[in-house]
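Raw contents of final-v5.txt, compact mmCIF, C-alpha atoms:
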# COMPACT_ATOMS: atom_id res chain seq x y z
CA MET V 1 58.22 64.72 9.16
CA VAL V 2 56.45 61.39 8.78
CA ASP V 3 54.29 60.36 11.73
CA THR V 4 55.54 56.77 12.04
CA THR V 5 55.43 54.51 15.08
CA ILE V 6 57.26 51.22 15.55
CA THR V 7 56.21 48.47 17.93
CA PHE V 8 58.78 45.78 18.71
CA LEU V 9 57.40 42.26 19.05
CA ASP V 10 59.38 39.79 21.14
CA ARG V 11 58.94 36.42 19.42
CA GLY V 12 61.04 34.32 21.77
CA ARG V 13 64.53 32.94 22.30
CA VAL V 14 66.92 30.89 20.21
CA GLN V 15 69.92 29.19 21.81
CA ALA V 16 73.07 28.39 19.83
CA ASP V 17 76.83 28.13 19.98
CA ARG V 18 78.39 31.53 19.33
CA ASN V 19 80.59 29.88 16.68
CA PHE V 20 77.50 29.76 14.44
CA VAL V 21 77.09 33.50 14.86
CA VAL V 22 80.62 34.91 15.04
CA ASP V 23 83.06 32.89 12.95
CA GLY V 24 86.03 31.45 14.83
CA THR V 25 84.81 32.28 18.33
CA SER V 26 86.16 29.03 19.81
CA VAL V 27 88.99 27.34 17.93
CA ALA V 28 91.42 24.70 19.09
CA THR V 29 95.14 25.50 19.10
CA ALA V 30 98.24 23.44 19.79
CA SER V 31 98.29 24.55 23.41
CA ASN V 32 94.50 24.53 23.93
CA ARG V 33 92.88 21.66 22.11
CA ASP V 34 89.62 21.80 24.03
CA PRO V 35 88.53 25.47 24.12
CA ALA V 36 85.46 26.49 26.06
CA HIS V 37 82.39 27.13 23.94
CA GLU V 38 79.92 29.95 24.46
CA TYR V 39 76.34 28.68 24.26
CA GLU V 40 74.26 31.84 24.07
CA THR V 41 70.70 33.10 23.93
CA TYR V 42 69.46 35.14 20.99
CA VAL V 43 66.17 36.86 20.21
CA VAL V 44 63.60 36.46 17.46
CA TRP V 45 61.67 39.67 16.82
CA ASN V 46 59.16 41.26 14.50
CA LEU V 47 58.08 44.87 14.01
CA VAL V 48 54.73 46.53 13.52
CA ILE V 49 55.29 49.74 11.56
CA GLU V 50 52.40 52.19 11.54
CA THR V 51 52.38 55.07 9.08
CA PRO V 52 49.44 57.38 8.34
CA GLU V 53 48.66 55.26 5.27
CA THR V 54 49.35 51.65 6.29
CA THR V 55 50.20 49.15 9.03
CA ILE V 56 53.13 46.91 8.12
CA LEU V 57 54.34 43.70 9.77
CA TRP V 58 58.06 43.03 9.44
CA ASP V 59 58.65 39.26 9.29
CA THR V 60 56.49 36.56 10.89
CA GLY V 61 58.85 34.63 13.20
CA SER V 62 59.14 30.87 13.70
CA HIS V 63 56.35 28.35 13.37
CA PRO V 64 55.00 27.57 16.87
CA ASP V 65 55.74 23.86 16.31
CA ALA V 66 59.43 24.53 15.61
CA GLY V 67 60.51 22.52 18.65
CA ASP V 68 57.92 19.77 18.14
CA GLY V 69 59.30 18.26 14.97
CA TYR V 70 58.37 21.00 12.51
CA TRP V 71 61.98 22.14 12.14
CA PRO V 72 64.42 19.50 10.84
CA ASP V 73 66.48 17.97 13.65
CA PRO V 74 69.87 19.23 12.39
CA LEU V 75 68.63 22.81 12.32
CA TYR V 76 66.96 22.64 15.70
CA GLU V 77 70.13 21.10 17.16
CA ALA V 78 72.13 24.08 15.89
CA PHE V 79 69.57 26.84 16.55
CA ALA V 80 67.01 25.78 19.14
CA HIS V 81 63.98 28.06 19.31
CA VAL V 82 63.24 26.86 22.81
CA ASP V 83 59.98 28.76 23.41
CA ALA V 84 58.46 28.87 19.93
CA ALA V 85 55.32 27.15 21.24
CA ASP V 86 54.69 30.15 23.49
CA HIS V 87 54.95 32.66 20.66
CA SER V 88 52.27 32.28 18.02
CA LEU V 89 52.05 35.33 15.80
CA SER V 90 48.43 36.01 16.68
CA ASP V 91 49.15 35.89 20.42
CA ASP V 92 52.21 38.12 20.21
CA LEU V 93 50.33 40.64 18.08
CA ALA V 94 47.44 40.59 20.57
CA ALA V 95 49.84 41.25 23.46
CA ALA V 96 50.92 44.40 21.63
CA GLY V 97 47.35 45.49 20.94
CA TYR V 98 47.01 44.27 17.36
CA ASP V 99 45.01 41.67 15.49
CA LEU V 100 46.05 39.84 12.35
CA SER V 101 43.30 41.73 10.55
CA ASP V 102 45.02 45.03 11.42
CA ILE V 103 47.99 44.15 9.20
CA ASP V 104 47.79 45.82 5.78
CA ALA V 105 51.07 44.42 4.43
CA VAL V 106 53.89 42.06 5.41
CA VAL V 107 57.55 42.55 4.56
CA MET V 108 59.64 39.40 4.54
CA SER V 109 63.27 40.30 5.16
CA HIS V 110 63.99 36.79 3.86
CA LEU V 111 62.35 33.39 3.96
CA HIS V 112 64.45 31.44 6.46
CA LEU V 113 62.45 29.32 8.85
CA ASP V 114 62.83 31.66 11.85
CA HIS V 115 61.36 34.53 9.80
CA ALA V 116 58.75 32.90 7.55
CA GLY V 117 57.16 30.47 10.00
CA GLY V 118 54.05 32.61 10.52
CA LEU V 119 53.19 33.21 6.88
CA TYR V 120 50.45 30.58 7.02
CA ASN V 121 48.37 33.16 8.91
CA PHE V 122 48.04 35.12 5.65
CA ALA V 123 47.36 32.20 3.31
CA GLY V 124 44.27 32.73 1.19
CA THR V 125 44.06 36.44 2.03
CA ASP V 126 44.77 39.45 -0.15
CA THR V 127 47.35 40.84 2.31
CA PRO V 128 50.39 41.78 0.19
CA ILE V 129 53.57 39.91 1.13
CA TYR V 130 56.66 41.83 0.00
CA VAL V 131 59.77 39.81 -0.86
CA HIS V 132 62.82 40.59 -2.95
CA ARG V 133 63.09 39.21 -6.47
CA GLU V 134 66.28 37.32 -5.58
CA GLU V 135 64.84 35.68 -2.47
CA LEU V 136 61.73 33.88 -3.65
CA PRO V 137 63.31 31.66 -6.35
CA PHE V 138 66.27 30.83 -4.12
CA ALA V 139 63.91 29.82 -1.31
CA TYR V 140 62.01 27.45 -3.59
CA PHE V 141 65.24 26.12 -5.12
CA SER V 142 66.59 25.42 -1.63
CA ALA V 143 63.41 23.90 -0.24
CA LYS V 144 62.63 21.74 -3.27
CA THR V 145 66.10 20.39 -4.10
CA ALA V 146 69.13 19.06 -2.26
CA GLU V 147 71.07 22.24 -3.11
CA GLY V 148 70.95 25.80 -1.79
CA SER V 149 70.35 26.32 1.93
CA ILE V 150 68.70 23.97 4.42
CA ALA V 151 67.26 26.93 6.33
CA TYR V 152 64.25 27.17 3.99
CA LEU V 153 61.12 25.08 4.55
CA ALA V 154 58.58 24.92 1.74
CA SER V 155 55.84 24.44 4.33
CA ASP V 156 56.56 27.97 5.58
CA PHE V 157 56.00 29.83 2.32
CA ASP V 158 54.47 27.47 -0.25
CA HIS V 159 50.96 28.83 0.34
CA ASP V 160 48.37 30.83 -1.55
CA LEU V 161 49.98 34.18 -0.74
CA ASN V 162 49.67 37.58 -2.38
CA TRP V 163 53.36 37.95 -3.25
CA GLN V 164 54.57 41.43 -4.16
CA VAL V 165 58.04 41.26 -5.68
CA VAL V 166 60.59 43.95 -4.85
CA HIS V 167 63.22 44.66 -7.51
CA GLY V 168 66.53 46.50 -7.35
CA ASP V 169 68.55 48.03 -4.54
CA GLY V 170 65.78 50.07 -2.94
CA TYR V 171 62.01 50.38 -2.83
CA ARG V 172 59.80 53.01 -1.21
CA LEU V 173 57.09 50.95 0.47
CA ALA V 174 55.35 53.86 2.19
CA ASP V 175 56.07 57.42 3.17
CA GLY V 176 59.08 57.11 5.48
CA VAL V 177 59.68 53.39 4.86
CA GLU V 178 62.49 52.63 2.39
CA LEU V 179 63.37 48.98 1.76
CA LEU V 180 67.07 48.20 1.17
CA HIS V 181 68.42 45.16 -0.66
CA LEU V 182 71.24 43.71 1.48
CA PRO V 183 72.41 40.48 -0.18
CA GLY V 184 74.96 38.32 1.59
CA HIS V 185 73.21 36.31 4.28
CA THR V 186 70.74 35.34 1.55
CA PRO V 187 70.40 36.54 -2.05
CA GLY V 188 67.34 38.64 -1.34
CA LEU V 189 67.78 39.88 2.22
CA LEU V 190 65.87 43.11 2.85
CA GLY V 191 66.61 45.77 5.43
CA ALA V 192 64.92 49.13 5.80
CA LEU V 193 65.37 52.75 6.78
CA ILE V 194 62.32 53.86 8.74
CA GLU V 195 61.90 57.55 9.41
CA ARG V 196 60.70 58.67 12.81
CA GLU V 197 60.81 62.24 14.03
CA GLY V 198 64.36 62.78 15.25
CA ASP V 199 64.85 59.02 15.65
CA PRO V 200 65.23 57.05 12.40
CA LEU V 201 65.63 53.28 12.64
CA LEU V 202 67.88 51.26 10.36
CA VAL V 203 66.70 47.67 10.16
CA VAL V 204 69.95 45.78 9.56
CA GLY V 205 68.36 42.43 10.39
CA ASP V 206 70.26 39.26 9.57
CA GLU V 207 72.93 41.17 7.68
CA ALA V 208 74.41 41.20 11.21
CA TYR V 209 73.16 38.66 13.74
CA VAL V 210 74.90 40.42 16.62
CA GLU V 211 76.91 43.58 17.23
CA ALA V 212 80.22 41.83 16.56
CA ASN V 213 79.02 41.07 13.01
CA TYR V 214 78.10 44.72 12.49
CA GLU V 215 81.60 45.64 13.57
CA GLY V 216 83.00 43.35 10.87
CA ALA V 217 83.38 39.87 12.39
CA PRO V 218 81.88 37.49 9.82
CA MET V 219 79.11 35.07 10.63
CA ALA V 220 79.83 31.37 10.23
CA THR V 221 80.29 30.34 6.61
CA SER V 222 77.12 28.26 6.77
CA LEU V 223 75.14 31.46 7.38
CA LEU V 224 76.55 33.36 4.41
CA TRP V 225 75.25 32.87 0.88
CA ASN V 226 77.98 35.16 -0.48
CA ASN V 227 80.78 36.59 1.66
CA GLY V 228 81.71 39.35 -0.81
CA ALA V 229 78.10 40.53 -1.09
CA TRP V 230 77.83 40.42 2.72
CA LYS V 231 80.79 42.79 3.08
CA GLU V 232 79.34 45.21 0.53
CA SER V 233 75.94 45.19 2.25
CA LEU V 234 77.57 45.76 5.61
CA GLU V 235 79.36 48.83 4.28
CA ARG V 236 76.08 50.08 2.83
CA CYS V 237 74.42 49.79 6.23
CA ARG V 238 77.27 51.63 7.93
CA ASN V 239 77.11 54.42 5.35
CA VAL V 240 73.36 54.81 5.83
CA GLN V 241 73.83 54.95 9.59
CA ARG V 242 76.56 57.57 9.29
CA GLU V 243 74.43 59.70 6.96
CA THR V 244 71.23 59.50 8.99
CA GLY V 245 72.35 58.94 12.59
CA ALA V 246 69.82 56.11 12.75
CA GLU V 247 69.56 53.63 15.57
CA ILE V 248 70.08 50.06 14.38
CA ILE V 249 68.31 46.81 15.08
CA LEU V 250 70.31 43.68 14.39
CA GLY V 251 69.13 40.21 13.45
CA HIS V 252 69.21 38.38 16.77
CA ASP V 253 71.20 40.44 19.28
CA LEU V 254 69.24 40.22 22.54
CA SER V 255 70.85 43.20 24.28
CA VAL V 256 70.37 45.48 21.26
CA PHE V 257 66.71 44.43 21.06
CA GLU V 258 66.13 45.02 24.77
CA ASP V 259 67.63 48.51 24.52
CA LEU V 260 65.18 49.38 21.75
CA ALA V 261 62.01 47.58 22.75

Now that the file is in, can you turn its structure into structure tokens?
Amino acid sequence: MVDTTITFLDRGRVQADRNFVVDGTSVATASNRDPAHEYETYVVWNLVIETPETTILWDTGSHPDAGDGYWPDPLYEAFAHVDAADHSLSDDLAAAGYDLSDIDAVVMSHLHLDHAGGLYNFAGTDTPIYVHREELPFAYFSAKTAEGSIAYLASDFDHDLNWQVVHGDGYRLADGVELLHLPGHTPGLLGALIEREGDPLLVVGDEAYVEANYEGAPMATSLLWNNGAWKESLERCRNVQRETGAEIILGHDLSVFEDLA
């Protein structure tokens, strides 16, 4: 069995209306035209995955200036990363006993601004940055034109980075670390199955923001690049979990993260 360890990095809290996360949470009806809204707290996390051959960072979190004008106002109004300034990547790695120089490779699940905001730390280095073939062009298309998704910022990823492009439905990154292509939230969303002795971990990530999404309640339309692809990826995740008995970590579910970390 692969000797793999996983360290969970708490990268802070995002606050948002649950309607952005679980579609149709609060809807007006004829008899209740002013329903109560649920304004909730979500988590941003990263992983450090250590195998005998390599140390991998999963995602890089938000830019520390997210709440100081770095994020566009409409996005921050919808998803406020209220403590981003307290969670630089270097500081959060140090709190877990790591340095940026300890990282041999970075996997970007996707390039949204709450996942790619720390990539500048690897600019000008030879650290490989793994990203799916379908994600990188869509991120540039979105960031550089008025089309696509507003959740991509060119300033997050338009650096001198050592991109390593992942193709297809799966990719063996290291012994015990299998990347999974899970399109739906974005075209190139990556998850992973990470083997640990008797305790595999399935990284579902933003395929399901919270447990309700994993159980089948769609995310808001604005968070889905392709609803049909999202459903297929969700079923793939469920099948992998059934076959392996893996624990799951979801995109931003605070209680699920706290149970694992």

(request) Within 6 Å of segment 111-115 of chain V, counting only C-alpha atoms, which residues show up once you throw out same-chain ones fewer than 4 positions away? Write them as a PyMOL selection string, please. (result) chain V and resi 59-62+151-152

(message) From the options V:Ser31, V:Ser155, V:Thr125, V:Thr4, which residue's atoms come nearest to Tyr70 of chain V, counting all atoms listed in the file?
(response) V:Ser155

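Straight-line separation from atom CA of Asp104 of chain V to atom CA of Pro200 of chain V: 21.8 Å.
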
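Using only C-alpha atoms, the smallest distance between any of V:Asp23, V:Asp102, V:Glu247, V:Glu197 and Met219 of chain V comes from V:Asp23.
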
(message) Quick one: residues within 7 Å of segment 191-195 of chain V, only C-alpha atoms, excluding same-chain residues fewer than 5 positions away - as an NGL selection string?
(response) :V and (2 or 4 or 109 or 176-182 or 200-205)

Hey, can you spit out that residue selection with C-alpha atoms as a PDB file, keeping the file's coordinate frame?
ATOM      1  CA  VAL V   2      56.450  61.390   8.780  1.00  0.00           C
ATOM      2  CA  THR V   4      55.540  56.770  12.040  1.00  0.00           C
ATOM      3  CA  SER V 109      63.270  40.300   5.160  1.00  0.00           C
ATOM      4  CA  GLY V 176      59.080  57.110   5.480  1.00  0.00           C
ATOM      5  CA  VAL V 177      59.680  53.390   4.860  1.00  0.00           C
ATOM      6  CA  GLU V 178      62.490  52.630   2.390  1.00  0.00           C
ATOM      7  CA  LEU V 179      63.370  48.980   1.760  1.00  0.00           C
ATOM      8  CA  LEU V 180      67.070  48.200   1.170  1.00  0.00           C
ATOM      9  CA  HIS V 181      68.420  45.160  -0.660  1.00  0.00           C
ATOM     10  CA  LEU V 182      71.240  43.710   1.480  1.00  0.00           C
ATOM     11  CA  PRO V 200      65.230  57.050  12.400  1.00  0.00           C
ATOM     12  CA  LEU V 201      65.630  53.280  12.640  1.00  0.00           C
ATOM     13  CA  LEU V 202      67.880  51.260  10.360  1.00  0.00           C
ATOM     14  CA  VAL V 203      66.700  47.670  10.160  1.00  0.00           C
ATOM     15  CA  VAL V 204      69.950  45.780   9.560  1.00  0.00           C
ATOM     16  CA  GLY V 205      68.360  42.430  10.390  1.00  0.00           C
TER      17      GLY V 205
END

(message) Please report the interatomic distance between atom CA of Tyr130 of chain V and atom CA of His81 of chain V in Å with one decimal.
(response) 24.8 Å

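Residue nearest Arg11 of chain V, chosen from V:Ala139, V:Ala85, V:Ile49, V:Leu190 and counting all atoms listed in the file: V:Ala85.
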
(message) Between V:Phe122, V:Trp58, V:Phe257, V:Trp45, which residue has the minimum interatomic distance to His87 of chain V, considering only C-alpha atoms?
(response) V:Trp45

(message) Can you measure atom CA of Lys231 of chain V to atom CA of Ala208 of chain V for me? One decimal in Å is fine.
(response) 10.5 Å

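Distance check against Thr221 of chain V using only C-alpha atoms: of V:Ile6, V:Val107, V:Val82, V:Val22, the minimum falls on V:Val22.
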